[in-house]
Amino acid sequence: MKRVAYFPGCALKDQARGYEAGAKKALEVLGYELVELSRWNCCGTVYALAQDDLVRHLGPVRNLVRTQEMGLDQLVTLCAMCYGTLRRSQRFVEEDEERLSRIRAFMDEEQEYAGGVKVLHLLNLLRDEIGFEPLESKVTRPLEGLKVGAYYGCMLLRPRDVGVDDPDRPEVMERVLGALGATPVLFPERTECCGAYLTVARPDVVQARSERILASAKSSGADVVVTSCPLCQFNLENRRPAWAAGLPVVYLGEVLAWALVQGATVPEEIQARIGKPAEVKA
Amino acid sequence: MAGELNLCRERLEGALPRKVEEISGQNPYACYQCGKCSAGCLFADHMDVLPNQVIRLVQLGDEGVAAFRAPWVCAACLACAVRCPRGVDIGKVMEALRVLALRRGLTPAPLNLGERYPQIALVGAFRKFTP
Ligand code: SF4
Ligand code: SF4
């Protein structure tokens, strides 16, 4: 079992608990143990785009220090927003010696951050460390017949230098879904923004966005939409029009668990589409 | 936007474009007004000036840009940033305008706090809409 440091973030302990549980069990099947940081703090959720305000990067860097304290140099996240924030802050403070030394001086009560902690998203782990073929070989319940629309949103893909895949034509989630036996369906809105935190300021705008995204997934034939962002999931589930009631938006970790984990609970409407429950492959 | 176009040197070399550049790290004069950012912005429908117009106002040193709603409707999705042929990260320029307004004590329209939200939504909104 390979141990990797894990940063959950707020959502994975609350509305996205099913994502965490599913991903942890699925990764165990794949030989990886997610070891939660013994102490962690909010990443800030949104990356601070203003570059004259270093204090906004302290939160993310403290989590990198926690990783270093464990003697590990990779930090895995499940949440797309945590991924973006931690990864970008790590790069921002490390690309400039003066920034890094100011950060160190500010938090001199901490172990000095040496730099070089690599922030990974679950998708990086699946593609770059585990690989699609080993993933496929561990599937015990192929999701045959299930048409899944992978919804990337923003933070997994943009900006280009931190995205997990090509921002215009990503394929990593589709490859994962294909390995699980599902049929990935491409839909035009899969890389477009749901409105994110505007949900608190302009629910009307987010509602219009959610409707467009779900309409696009539905007309491409998706039975279910998969995301790794808890804010996208909230917006798509809570700001959806009535006609979209039959199009569930689930987390990547849940889908992994359906296919890989013996005895994982599969929602009834999904169960009906993939046929018989757990069949162990010879 | 103002009816007359004032291209005097004080405005072009004035405080606003320099301040925006300092905060965002983006050179507003790199933009050649092709409009690609606005064409692809999913939130442009709800903006009072389009993303490329925001950049233009900054280029012209128009302090009036602070009063527009556009930066508060921008969701920082960065679609514009990956598409700009001149490499301008307009998302960062929008952030600079939000930050400038907040630092000057200007506040955006109040948040809609009568609903239950997950932490991820609230923390995100507070970080964008409060100083
Ligand atoms: S895409 Fe770039 S160059 Fe074109 S108008 Fe927008 S900021 Fe200017
Ligand atoms: S970052 Fe803002 S301006 Fe740019 S495309 Fe997204 S919402 Fe529009």
# chains A, B, ... in the order shown; residues from 1 in each chain; ligands from 1
>>> residues_near_ligand(ligand="ligand 2", cutoff="9 Å", atoms="only C-alpha atoms and all ligand atoms", output="ChimeraX atom specification")
/A:193,195 /B:37-44,50-52,70-81,89-95
>>> closest_atom_pairs(of="chain B", to="chain A", cutoff="6 Å", atoms="only C-alpha atoms", output="tab-separated table")
residue	atom	partner	partner_atom	distance
B:Ile23	CA	A:Ala50	CA	5.3
B:Ser24	CA	A:Ala50	CA	5.3
B:Ala75	CA	A:Gly195	CA	5.7
B:Cys77	CA	A:Cys154	CA	5.7
B:Lys92	CA	A:Leu49	CA	5.5
B:Leu111	CA	A:Ala201	CA	4.7
B:Asn112	CA	A:Val200	CA	5.5
B:Ala121	CA	A:Tyr197	CA	4.9
B:Gly124	CA	A:Tyr197	CA	5.4
B:Ala125	CA	A:Tyr197	CA	5.1
>>> atom_distance(atom1="atom CA of A:Arg104", atom2="atom CA of A:Leu58")
9.5 Å
>>> residues_near_ligand(ligand="ligand 1", cutoff="6 Å", atoms="only C-alpha atoms and all ligand atoms", output="list of chain:residue names")
B:Cys31, B:Tyr32, B:Gln33, B:Cys34, B:Gly35, B:Lys36, B:Cys37, B:Asn52, B:Cys84, B:Pro85, B:Arg86, B:Val88, B:Ile90
>>> residues_around(residues="A:Leu78", least_positions_apart="2", cutoff="7 Å", atoms="only C-alpha atoms", output="PyMOL selection string")
chain A and resi 8+76+80+121-122+228
>>> select_by_dssp(residues="stretch 126-260 of chain A", states="alpha helix (DSSP H)", output="MDAnalysis selection string")
chainID A and resid 132:137 172:179 198:201 203:219 230:238 252:260
>>> atom_distance(atom1="atom CA of A:Arg88", atom2="atom CA of B:Arg69")
27.2 Å
>>> select_by_dssp(residues="stretch 51-168 of chain A", states="strand (DSSP E)", output="NGL selection string")
:A and (74-77 or 118-121 or 147-150)
>>> residues_around(residues="B:Leu5", least_positions_apart="6", cutoff="12 Å", atoms="only C-alpha atoms", output="PyMOL selection string")
chain B and resi 11-12+56-57+60-62
>>> write_last_selection(atoms="all heavy atoms", output="mmCIF file, in the first residue's frame")
data_model
loop_
_atom_site.group_PDB
_atom_site.id
_atom_site.type_symbol
_atom_site.label_atom_id
_atom_site.label_comp_id
_atom_site.auth_asym_id
_atom_site.auth_seq_id
_atom_site.Cartn_x
_atom_site.Cartn_y
_atom_site.Cartn_z
ATOM 1 N N ARG B 11 -3.877 60.863 -18.624
ATOM 2 C CA ARG B 11 -4.735 59.698 -18.390
ATOM 3 C C ARG B 11 -4.056 58.419 -18.859
ATOM 4 O O ARG B 11 -4.087 57.401 -18.187
ATOM 5 C CB ARG B 11 -6.090 59.888 -19.067
ATOM 6 C CG ARG B 11 -7.062 60.620 -18.143
ATOM 7 C CD ARG B 11 -8.368 60.884 -18.800
ATOM 8 N NE ARG B 11 -9.103 59.652 -19.076
ATOM 9 C CZ ARG B 11 -10.296 59.641 -19.632
ATOM 10 N NH1 ARG B 11 -10.889 60.769 -19.972
ATOM 11 N NH2 ARG B 11 -10.913 58.522 -19.842
ATOM 12 N N LEU B 12 -3.450 58.469 -20.014
ATOM 13 C CA LEU B 12 -2.805 57.265 -20.543
ATOM 14 C C LEU B 12 -1.635 56.817 -19.675
ATOM 15 O O LEU B 12 -1.334 55.647 -19.565
ATOM 16 C CB LEU B 12 -2.328 57.500 -21.976
ATOM 17 C CG LEU B 12 -3.442 57.663 -23.005
ATOM 18 C CD1 LEU B 12 -2.844 57.880 -24.388
ATOM 19 C CD2 LEU B 12 -4.365 56.460 -23.027
ATOM 20 N N ARG B 56 -10.298 48.217 -22.206
ATOM 21 C CA ARG B 56 -10.159 49.486 -22.932
ATOM 22 C C ARG B 56 -10.259 50.673 -21.980
ATOM 23 O O ARG B 56 -9.491 51.630 -22.069
ATOM 24 C CB ARG B 56 -11.251 49.574 -24.015
ATOM 25 C CG ARG B 56 -11.080 50.747 -24.939
ATOM 26 C CD ARG B 56 -9.863 50.566 -25.835
ATOM 27 N NE ARG B 56 -9.656 51.689 -26.733
ATOM 28 C CZ ARG B 56 -8.467 52.245 -26.939
ATOM 29 N NH1 ARG B 56 -7.390 51.786 -26.318
ATOM 30 N NH2 ARG B 56 -8.338 53.243 -27.774
ATOM 31 N N LEU B 57 -11.223 50.605 -21.063
ATOM 32 C CA LEU B 57 -11.383 51.692 -20.100
ATOM 33 C C LEU B 57 -10.142 51.824 -19.220
ATOM 34 O O LEU B 57 -9.730 52.939 -18.875
ATOM 35 C CB LEU B 57 -12.632 51.463 -19.233
ATOM 36 C CG LEU B 57 -13.968 51.603 -19.982
ATOM 37 C CD1 LEU B 57 -15.124 51.089 -19.122
ATOM 38 C CD2 LEU B 57 -14.214 53.055 -20.380
ATOM 39 N N LEU B 60 -7.469 53.532 -21.152
ATOM 40 C CA LEU B 60 -7.725 54.965 -21.256
ATOM 41 C C LEU B 60 -7.651 55.667 -19.901
ATOM 42 O O LEU B 60 -7.889 56.866 -19.799
ATOM 43 C CB LEU B 60 -9.103 55.204 -21.890
ATOM 44 C CG LEU B 60 -9.259 54.695 -23.329
ATOM 45 C CD1 LEU B 60 -10.704 54.871 -23.787
ATOM 46 C CD2 LEU B 60 -8.313 55.432 -24.265
ATOM 47 N N GLY B 61 -7.368 54.899 -18.863
ATOM 48 C CA GLY B 61 -7.233 55.503 -17.542
ATOM 49 C C GLY B 61 -8.546 56.036 -16.995
ATOM 50 O O GLY B 61 -8.576 56.960 -16.185
ATOM 51 N N ASP B 62 -9.652 55.446 -17.423
ATOM 52 C CA ASP B 62 -10.964 55.946 -17.008
ATOM 53 C C ASP B 62 -11.343 55.414 -15.624
ATOM 54 O O ASP B 62 -11.739 54.265 -15.466
ATOM 55 C CB ASP B 62 -12.010 55.515 -18.042
ATOM 56 C CG ASP B 62 -13.339 56.228 -17.842
ATOM 57 O OD1 ASP B 62 -13.651 56.604 -16.691
ATOM 58 O OD2 ASP B 62 -14.061 56.412 -18.837
#
>>> closest_residue(among="A:Tyr152, A:Tyr251, A:Trp40, A:Trp258", to="A:Thr67", atoms="only C-alpha atoms")
A:Trp40
>>> atom_distance(atom1="atom CA of A:Gln68", atom2="atom CA of A:Arg91")
15.8 Å
>>> residues_around(residues="stretch 16-22 of chain B", least_positions_apart="5", cutoff="7 Å", atoms="only C-alpha atoms", output="list in words")
Asn27, Pro28, Val58, Gln59, Gly61, Glu63, Val93 and Ala96 of chain B
>>> write_last_selection(atoms="C-alpha atoms", output="compact mmCIF listing (two decimals), in the first residue's frame")
# COMPACT_ATOMS: atom_id res chain seq x y z
CA ASN B 27 -0.02 44.85 -18.96
CA PRO B 28 -3.32 46.40 -20.05
CA VAL B 58 -8.33 50.73 -18.09
CA GLN B 59 -6.08 51.55 -21.06
CA GLY B 61 -7.23 55.50 -17.54
CA GLU B 63 -11.53 55.86 -13.24
CA VAL B 93 -7.60 42.43 -14.45
CA ALA B 96 -7.63 43.99 -9.75
>>> closest_residue(among="A:Ala242, A:Leu186, A:Ile130, A:Leu260", to="A:Ala217", atoms="only C-alpha atoms")
A:Leu186
